[in-house]
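Printed here is input_33.txt (compact mmCIF, C-alpha atoms and all ligand atoms):
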```txt
# COMPACT_ATOMS: atom_id res chain seq x y z
CA MET A 26 14.30 -11.68 -12.84
CA ILE A 27 13.08 -8.09 -13.07
CA GLU A 28 14.43 -5.96 -15.88
CA VAL A 29 13.21 -2.42 -16.24
CA ARG A 30 14.49 -0.35 -19.18
CA ASP A 31 13.81 3.33 -19.69
CA LEU A 32 10.50 3.11 -17.90
CA GLN A 33 8.44 6.24 -18.12
CA LYS A 34 5.01 6.91 -16.69
CA SER A 35 3.25 10.24 -17.00
CA TYR A 36 0.03 11.43 -15.43
CA GLY A 37 -0.96 14.24 -17.77
CA ASP A 38 1.90 16.75 -17.61
CA LEU A 39 3.50 15.13 -14.59
CA ILE A 40 6.31 12.68 -15.31
CA ALA A 41 6.03 10.43 -12.25
CA VAL A 42 8.66 7.94 -13.46
CA ASN A 43 11.35 9.30 -15.73
CA ARG A 44 13.50 6.85 -17.75
CA VAL A 45 14.07 4.46 -14.88
CA SER A 46 16.26 1.41 -15.57
CA PHE A 47 17.40 -1.31 -13.20
CA SER A 48 17.54 -5.06 -12.92
CA ALA A 49 17.04 -7.24 -9.89
CA ARG A 50 18.50 -10.73 -9.58
CA PRO A 51 17.15 -13.93 -7.98
CA GLY A 52 18.10 -14.51 -4.36
CA THR A 53 18.60 -10.81 -3.69
CA VAL A 54 16.66 -7.92 -2.23
CA PHE A 55 16.69 -4.88 -4.48
CA GLY A 56 15.71 -1.68 -2.68
CA LEU A 57 14.02 1.30 -4.24
CA LEU A 58 14.56 4.08 -1.74
CA GLY A 59 13.04 7.51 -2.02
CA PRO A 60 10.84 10.12 -0.34
CA ASN A 61 7.07 10.58 -0.72
CA GLY A 62 6.09 11.11 -4.33
CA ALA A 63 9.42 9.87 -5.71
CA GLY A 64 7.70 7.39 -8.03
CA LYS A 65 8.20 4.13 -6.14
CA SER A 66 4.57 2.93 -6.19
CA THR A 67 4.14 4.00 -9.80
CA THR A 68 7.18 1.89 -10.73
CA ILE A 69 5.84 -1.10 -8.77
CA SER A 70 2.39 -0.72 -10.34
CA CYS A 71 3.93 -0.76 -13.81
CA ILE A 72 5.89 -3.94 -12.98
CA SER A 73 2.81 -5.62 -11.55
CA GLY A 74 0.86 -4.76 -14.70
CA LEU A 75 -1.61 -2.55 -12.84
CA LEU A 76 -0.50 0.55 -14.74
CA LYS A 77 0.45 0.75 -18.39
CA PRO A 78 3.82 2.47 -18.87
CA THR A 79 3.94 5.55 -21.09
CA ALA A 80 7.24 4.24 -22.50
CA GLY A 81 9.94 1.68 -21.80
CA THR A 82 10.08 -2.08 -21.40
CA ILE A 83 9.66 -4.38 -18.44
CA ARG A 84 10.64 -8.05 -18.34
CA VAL A 85 9.52 -10.20 -15.45
CA GLY A 86 10.82 -13.75 -14.98
CA GLY A 87 12.16 -13.65 -18.54
CA PHE A 88 8.84 -12.60 -20.11
CA ASP A 89 7.99 -9.29 -21.64
CA LEU A 90 5.18 -7.74 -19.63
CA ALA A 91 3.58 -6.07 -22.63
CA GLY A 92 3.80 -9.08 -24.95
CA ASP A 93 3.45 -12.02 -22.57
CA ALA A 94 1.49 -10.56 -19.67
CA VAL A 95 -0.02 -13.78 -18.31
CA LYS A 96 3.30 -15.65 -18.12
CA ALA A 97 5.12 -12.61 -16.78
CA LYS A 98 2.56 -12.05 -14.02
CA SER A 99 2.38 -15.71 -13.00
CA SER A 100 5.69 -15.47 -11.13
CA LEU A 101 4.73 -12.35 -9.18
CA GLY A 102 3.70 -11.83 -5.58
CA ILE A 103 2.60 -8.32 -4.68
CA VAL A 104 2.28 -6.53 -1.36
CA PRO A 105 0.72 -3.20 -2.33
CA GLN A 106 1.05 -0.02 -0.32
CA GLU A 107 -2.75 0.17 -0.13
CA LEU A 108 -4.16 -2.79 1.82
CA ALA A 109 -5.43 -5.61 -0.42
CA ILE A 110 -7.17 -7.90 2.06
CA TYR A 111 -10.76 -9.09 2.24
CA GLU A 112 -12.45 -7.62 5.28
CA ASP A 113 -15.09 -10.36 5.40
CA LEU A 114 -12.61 -13.26 5.38
CA SER A 115 -10.55 -14.35 8.39
CA ALA A 116 -6.76 -14.04 8.24
CA ARG A 117 -6.53 -17.77 7.57
CA ASP A 118 -9.10 -17.56 4.78
CA ASN A 119 -7.43 -14.50 3.24
CA LEU A 120 -4.14 -16.39 3.05
CA ALA A 121 -5.81 -19.56 1.78
CA TYR A 122 -7.65 -17.53 -0.86
CA TRP A 123 -4.42 -16.05 -2.25
CA GLY A 124 -2.57 -19.37 -1.98
CA ALA A 125 -5.34 -21.19 -3.88
CA ALA A 126 -5.56 -18.43 -6.47
CA TYR A 127 -1.95 -19.22 -7.36
CA GLY A 128 -2.45 -22.99 -7.45
CA LEU A 129 -1.63 -24.22 -3.94
CA LYS A 130 -3.99 -26.83 -2.55
CA GLY A 131 -4.49 -29.55 0.05
CA ASP A 132 -1.84 -30.09 2.73
CA GLY A 133 0.68 -27.92 0.89
CA LEU A 134 -1.69 -24.97 1.09
CA LYS A 135 -2.51 -25.57 4.76
CA GLN A 136 1.14 -25.90 5.74
CA ARG A 137 2.08 -22.77 3.91
CA VAL A 138 -0.81 -20.80 5.44
CA ASP A 139 0.21 -21.99 8.94
CA HIS A 140 3.82 -21.08 8.30
CA VAL A 141 2.94 -17.57 7.15
CA LEU A 142 0.45 -17.09 10.02
CA ASN A 143 3.25 -17.89 12.47
CA ARG A 144 5.69 -15.62 10.70
CA ILE A 145 3.33 -12.63 10.56
CA GLY A 146 2.45 -13.23 14.22
CA LEU A 147 -1.27 -13.75 13.65
CA MET A 148 -1.65 -17.45 14.47
CA ASP A 149 -3.58 -16.73 17.66
CA ARG A 150 -5.94 -14.40 15.76
CA ALA A 151 -6.15 -16.51 12.60
CA GLY A 152 -9.92 -16.98 12.82
CA ASP A 153 -10.74 -13.30 13.36
CA LEU A 154 -11.91 -10.93 10.66
CA PRO A 155 -9.57 -8.10 9.63
CA LYS A 156 -12.09 -5.51 10.86
CA GLN A 157 -11.28 -6.74 14.38
CA TYR A 158 -7.58 -6.10 13.76
CA SER A 159 -5.41 -3.10 14.51
CA GLY A 160 -3.83 -1.21 11.61
CA GLY A 161 -0.48 -2.92 12.12
CA MET A 162 -2.11 -6.37 12.18
CA LYS A 163 -3.85 -5.63 8.88
CA ARG A 164 -0.50 -4.60 7.42
CA ARG A 165 1.01 -7.88 8.55
CA LEU A 166 -1.82 -9.83 6.94
CA ASN A 167 -1.44 -7.80 3.74
CA PHE A 168 2.22 -8.75 3.79
CA GLY A 169 1.47 -12.46 4.21
CA CYS A 170 -1.07 -12.46 1.38
CA GLY A 171 1.57 -11.33 -1.11
CA LEU A 172 3.97 -14.17 -0.47
CA VAL A 173 1.86 -17.10 0.69
CA HIS A 174 2.18 -18.75 -2.74
CA GLU A 175 6.00 -18.52 -2.68
CA PRO A 176 6.32 -16.37 -5.78
CA ALA A 177 9.64 -16.28 -7.62
CA ILE A 178 9.42 -12.50 -7.64
CA LEU A 179 8.10 -10.47 -4.76
CA LEU A 180 7.12 -6.80 -5.01
CA LEU A 181 6.91 -5.18 -1.58
CA ASP A 182 5.69 -1.57 -1.53
CA GLU A 183 6.46 -0.01 1.86
CA PRO A 184 5.14 -3.13 3.58
CA THR A 185 6.10 -2.19 7.13
CA VAL A 186 4.58 1.29 7.46
CA GLY A 187 2.70 1.38 10.78
CA VAL A 188 4.08 -1.97 11.96
CA ASP A 189 5.70 -2.03 15.41
CA PRO A 190 9.48 -2.68 15.60
CA GLN A 191 9.17 -6.24 16.89
CA SER A 192 6.70 -7.32 14.21
CA ARG A 193 8.82 -5.53 11.65
CA GLU A 194 11.82 -7.71 12.56
CA ARG A 195 9.67 -10.80 12.02
CA LEU A 196 8.60 -9.56 8.62
CA PHE A 197 12.24 -8.91 7.76
CA ASP A 198 13.01 -12.52 8.72
CA LEU A 199 10.30 -13.64 6.34
CA VAL A 200 11.79 -11.55 3.53
CA ARG A 201 15.25 -12.98 4.25
CA GLU A 202 13.79 -16.49 4.22
CA GLU A 203 12.23 -15.89 0.79
CA LYS A 204 15.49 -14.45 -0.47
CA THR A 205 17.45 -17.49 0.73
CA LYS A 206 15.07 -19.67 -1.24
CA GLY A 207 16.05 -17.74 -4.36
CA THR A 208 13.20 -15.27 -4.56
CA CYS A 209 13.90 -11.94 -6.23
CA VAL A 210 12.56 -9.24 -3.92
CA LEU A 211 11.89 -5.64 -4.92
CA TYR A 212 11.44 -3.58 -1.78
CA THR A 213 10.42 0.05 -1.65
CA THR A 214 10.86 2.15 1.43
CA HIS A 215 11.65 5.62 2.63
CA TYR A 216 13.26 4.24 5.78
CA MET A 217 16.97 4.16 5.20
CA GLU A 218 17.42 1.80 8.16
CA GLU A 219 15.28 -0.79 6.39
CA ALA A 220 17.18 -0.44 3.17
CA GLU A 221 20.47 -0.74 5.02
CA LYS A 222 19.34 -3.85 6.86
CA LEU A 223 17.66 -5.72 4.05
CA CYS A 224 18.87 -4.71 0.64
CA ASP A 225 21.74 -6.22 -1.31
CA GLU A 226 21.47 -3.57 -3.97
CA LEU A 227 19.80 -0.19 -4.00
CA ALA A 228 18.53 2.47 -6.32
CA ILE A 229 17.80 5.87 -4.85
CA ILE A 230 14.91 7.57 -6.60
CA ASP A 231 13.81 11.18 -6.42
CA HIS A 232 11.31 13.05 -8.62
CA GLY A 233 10.92 9.95 -10.78
CA LYS A 234 14.62 9.56 -11.54
CA ILE A 235 17.23 7.18 -10.22
CA ILE A 236 19.94 9.41 -8.82
CA ALA A 237 22.30 6.75 -7.49
CA GLY A 238 22.56 2.99 -7.43
CA GLY A 239 24.71 0.10 -6.32
CA THR A 240 25.46 -1.92 -3.22
CA LEU A 241 25.47 -0.19 0.13
CA ASP A 242 29.27 -0.29 0.12
CA GLU A 243 29.39 1.20 -3.36
CA LEU A 244 27.05 3.98 -2.31
CA ARG A 245 29.08 4.60 0.83
CA ALA A 246 32.18 4.94 -1.34
CA GLU A 247 30.62 8.21 -2.58
CA PHE A 248 31.94 9.58 0.68
CA GLY A 249 35.46 8.28 0.10
CA GLY A 250 35.57 6.73 3.56
CA ASN A 251 34.69 9.99 5.29
CA ASP A 252 32.65 10.17 8.49
CA ILE A 253 29.63 12.32 9.23
CA ILE A 254 29.41 14.80 12.08
CA ARG A 255 25.99 16.20 12.97
CA LEU A 256 25.65 19.13 15.32
CA THR A 257 22.56 20.84 16.65
CA GLY A 258 22.45 24.22 18.34
CA SER A 259 22.69 27.63 16.72
CA PHE A 260 24.99 28.48 13.85
CA GLU A 261 25.75 31.53 11.78
CA ALA A 262 26.42 30.37 8.22
CA SER A 263 28.67 33.23 7.17
CA ARG A 264 31.02 32.55 10.08
CA VAL A 265 30.83 28.76 10.12
CA GLU A 266 31.38 28.09 6.41
CA PRO A 267 34.95 29.43 6.14
CA VAL A 268 35.94 27.55 9.29
CA ILE A 269 34.68 24.27 7.83
CA ALA A 270 36.51 24.89 4.58
CA GLY A 271 39.67 25.44 6.64
CA LEU A 272 39.14 22.08 8.37
CA ASN A 273 39.10 20.27 5.03
CA ALA A 274 35.53 19.16 5.66
CA GLY A 275 32.48 19.31 3.40
CA VAL A 276 29.14 20.83 4.40
CA LEU A 277 26.18 18.51 3.81
CA SER A 278 23.64 20.84 5.35
CA LEU A 279 23.72 24.03 7.32
CA THR A 280 20.70 25.70 8.88
CA PRO A 281 20.52 28.18 11.77
CA GLU A 282 19.80 25.17 14.05
CA SER A 283 21.86 22.34 12.58
CA LEU A 284 25.07 21.52 10.81
CA MET A 285 26.11 18.30 9.09
CA ILE A 286 29.60 17.82 7.66
CA THR A 287 31.67 15.05 6.12
CA ILE A 288 35.25 14.75 7.25
CA SER A 289 37.92 12.07 7.32
CA GLU A 290 38.91 10.47 10.62
CA GLY A 291 35.91 12.01 12.35
CA ALA A 292 36.64 10.59 15.81
CA ARG A 293 40.19 11.90 15.87
CA VAL A 294 39.39 15.40 14.64
CA LEU A 295 36.09 15.86 16.51
CA PRO A 296 37.51 17.90 19.44
CA ALA A 297 39.28 20.29 17.05
CA VAL A 298 36.12 20.62 14.94
CA LEU A 299 33.99 21.45 17.98
CA GLN A 300 36.52 23.97 19.20
CA ALA A 301 36.79 25.69 15.81
CA ILE A 302 33.03 25.90 15.36
CA SER A 303 32.45 27.11 18.93
CA ALA A 304 34.96 29.86 18.28
CA THR A 305 32.58 31.31 15.64
CA GLY A 306 30.12 32.00 18.45
CA ALA A 307 28.04 28.90 17.67
CA ASP A 308 26.15 27.30 20.54
CA ILE A 309 26.56 23.51 20.18
CA ARG A 310 23.96 21.50 22.09
CA ASP A 311 24.25 18.03 20.62
CA THR A 312 26.95 16.16 18.70
CA ARG A 313 26.69 12.91 16.76
CA LEU A 314 29.41 11.13 14.85
CA SER A 315 28.55 8.32 12.42
CA GLU A 316 29.60 6.51 9.31
CA PRO A 317 27.86 7.69 6.16
CA ASN A 318 24.40 6.18 5.82
CA LEU A 319 21.66 6.53 3.26
CA GLU A 320 20.34 9.61 4.99
CA SER A 321 23.62 11.45 4.52
CA LEU A 322 24.00 10.07 1.01
CA PHE A 323 20.55 11.30 0.04
CA LEU A 324 21.37 14.69 1.48
CA LYS A 325 24.63 14.82 -0.45
CA LEU A 326 22.95 13.83 -3.72
CA THR A 327 19.85 15.98 -3.49
CA GLY A 328 20.57 18.67 -0.92
CA LYS A 329 17.36 17.52 0.79
CA ASP A 330 16.66 15.62 3.96
CA LEU A 331 15.26 12.16 3.24
CA ARG A 332 12.75 12.55 6.04
CA ALA A 333 11.50 15.94 4.89
N1 LIG B 1 -3.26 8.37 -10.21
C1 LIG B 1 -2.46 9.43 -10.21
N2 LIG B 1 -2.81 10.54 -10.89
C2 LIG B 1 -1.99 11.63 -10.91
N3 LIG B 1 -0.81 11.70 -10.31
C3 LIG B 1 -0.40 10.62 -9.61
C4 LIG B 1 -1.21 9.44 -9.53
N4 LIG B 1 -0.55 8.53 -8.78
C5 LIG B 1 0.61 9.12 -8.41
N5 LIG B 1 0.71 10.36 -8.91
C6 LIG B 1 1.84 11.29 -8.76
O1 LIG B 1 3.01 10.63 -9.22
C7 LIG B 1 4.13 10.92 -8.39
C8 LIG B 1 4.72 9.63 -7.88
O2 LIG B 1 3.79 9.02 -7.00
P1 LIG B 1 4.08 7.61 -6.33
O3 LIG B 1 2.83 7.19 -5.64
O4 LIG B 1 4.63 6.69 -7.35
O5 LIG B 1 5.20 7.98 -5.27
P2 LIG B 1 5.85 7.09 -4.11
O6 LIG B 1 7.33 7.17 -4.29
O7 LIG B 1 5.23 5.76 -4.07
O8 LIG B 1 5.48 7.92 -2.81
P3 LIG B 1 5.06 7.43 -1.31
O9 LIG B 1 6.33 7.21 -0.56
O10 LIG B 1 4.32 8.63 -0.78
O11 LIG B 1 4.20 6.22 -1.45
C9 LIG B 1 3.61 11.87 -7.31
O12 LIG B 1 3.91 13.17 -7.71
C10 LIG B 1 2.11 11.64 -7.32
O13 LIG B 1 1.44 12.79 -6.91
MG MG B 2 4.17 4.76 -2.69
```

Starting from the file, give its structure as structure tokens.
Amino acid sequence: MIEVRDLQKSYGDLIAVNRVSFSARPGTVFGLLGPNGAGKSTTISCISGLLKPTAGTIRVGGFDLAGDAVKAKSSLGIVPQELAIYEDLSARDNLAYWGAAYGLKGDGLKQRVDHVLNRIGLMDRAGDLPKQYSGGMKRRLNFGCGLVHEPAILLLDEPTVGVDPQSRERLFDLVREEKTKGTCVLYTTHYMEEAEKLCDELAIIDHGKIIAGGTLDELRAEFGGNDIIRLTGSFEASRVEPVIAGLNAGVLSLTPESLMITISEGARVLPAVLQAISATGADIRDTRLSEPNLESLFLKLTGKDLRA
């Protein structure tokens, strides 16, 4: 449904998107995960036709975006990172506007608007103007506007930033509902939890380049089934590093205040690990053991914290 090949977008000297290729299938959520400035919005804007790529090809719904723009764009629904709602129209009218713009009308339009209003949790405020809304409510309306017309392809650019956890779950349900109907969803986020919860397939992007891709299980396999141990406290690198090497563990990050390692059978070996590290004079204040997640994967691939 979405096919991106060797996409490049430069702003002057800056290469914001650097030879990015991926394809996203119908009935799946494809996640583009990366930190601020990674190139997620630039990629989405190229797919939506808002920005002209510097190089590369994009096919949407089987149509070439450069050659057949109108047909390609007709299957798209877009939830942009910047709010795209009309401040002087009520939530109901905003949704009806976007639904009608894509050809819905009559009872079908009304039913769909009601359904989305319920799902975004704004039914009781449906007649109010967005300027009377909180930031999170505007985000929820922005979200609804992108998918009211049941597009075959949905581009969601960090749609849940600033939305409270409960509303976020409802929006996730709406995404899952669209996916079940066969919609192809492209979802950008820098929250690994979201990507883990929602996405069938992922590409991790950093500095405009895709640095890893696959299903969550495939990405986890990068760790060869190892666990992650995170410690906070105070650590002296020169003393800790040889100890970790002796434990057959790998260092993901080591700062004077924190240490993160990968190791097999983490639960079984944890007491021995703590003892060995304490013996270096380290002061361990907090210990966490987990399976590898996107945070640790990102760290392993880039040497950087995803949240930084
Ligand atoms: N209009 C522009 N002119 C110049 N540089 C830009 C422009 N838009 C984006 N950039 C640069 O391109 C790079 C990618 O930006 P982009 O907005 O695509 O990142 P992002 O992954 O969406 O980040 P975020 O998570 O903060 O939304 C950044 O270095 C950014 O500064
Ligand atoms: Mg962005």

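Nearest residue to ligand MG 2 (chain B) among A:Asp38, A:Asp252, A:Glu194, A:Glu183 is A:Glu183, counting only C-alpha atoms and all ligand atoms.
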
- So which residues fall inside 6 Å of (15.2, 5.6, 2.3) if we count only C-alpha atoms? Mind giving them as a list in words? Leu58, Gly59, Thr214, His215, Tyr216 and Met217 of chain A

Generate the output file for the selected residues, C-alpha atoms, as a compact mmCIF listing (two decimals), in the coordinates of the input.
```txt
# COMPACT_ATOMS: atom_id res chain seq x y z
CA LEU A 58 14.56 4.08 -1.74
CA GLY A 59 13.04 7.51 -2.02
CA THR A 214 10.86 2.15 1.43
CA HIS A 215 11.65 5.62 2.63
CA TYR A 216 13.26 4.24 5.78
CA MET A 217 16.97 4.16 5.20
```

- Residues within 12 Å of ligand LIG 1 (chain B), counting all atoms listed in the file: report them as an NGL selection string. :A and (33-43 or 57-71 or 75-77 or 105-107 or 181-184 or 186 or 212-216 or 229-235 or 331-333)

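Using all atoms listed in the file, the shortest contact distance between Ala121 (chain A) and any of A:Lys163, A:Arg193, A:Lys329, A:His174 is found at A:His174.
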
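For the atom pair formed by CA of Leu299 (chain A) and CA of Thr327 (chain A), the distance is 26.3 Å, given to one decimal.
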
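From CA of Leu196 (chain A) back to CA of Gly131 (chain A), the distance works out to 25.4 Å.
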
- Item | Shell of 10 Å around Ser315 (chain A), all atoms listed in the file, local chain residues under 5 positions omitted, as a PyMOL selection string | chain A and resi 251-255+287+291-292+321

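Taking CA of Arg264 (chain A) and CA of Val294 (chain A) as endpoints, the distance between them is 19.6 Å.
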
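Among the candidates A:Val104, A:Asp149, A:Ala246, A:Thr82, the residue lying nearest to ligand MG 2 (chain B) is A:Val104 (atoms considered: all atoms listed in the file).
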
- Extract, using all atoms listed in the file, all DNA, RNA and protein residues at most 12 Å from Leu244 (chain A), discarding same-chain residues fewer than 3 positions from it, and format them as a VMD selection string. chain A and resid 221 225 to 229 236 to 241 247 to 250 317 to 323 325 to 326

- Task: Could you please give me, as a PyMOL selection string, the residues of protein, DNA or RNA lying at most 12 Å from (-6.7, -15.8, 9.1) in the coordinate frame of the file, considering all atoms listed in the file?
- Result: chain A and resi 110-123+135+138-143+145-158+162-163+165-167+169-170

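Once region 92-101 of chain A and its same-chain neighbours fewer than 5 positions away are set aside, Ser73, Val85, Gly86, Pro176, Ala177, Ile178 and Leu179 of chain A remain within 7 Å of it when counting only C-alpha atoms.
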
- Query: Do you know which residues are at most 8 Å from Val29 (chain A) counting all atoms listed in the file, after dropping those on the same chain fewer than 2 positions away, and could you put them as a PyMOL selection string?
  - Reply: chain A and resi 27+31-32+45-48+81-84
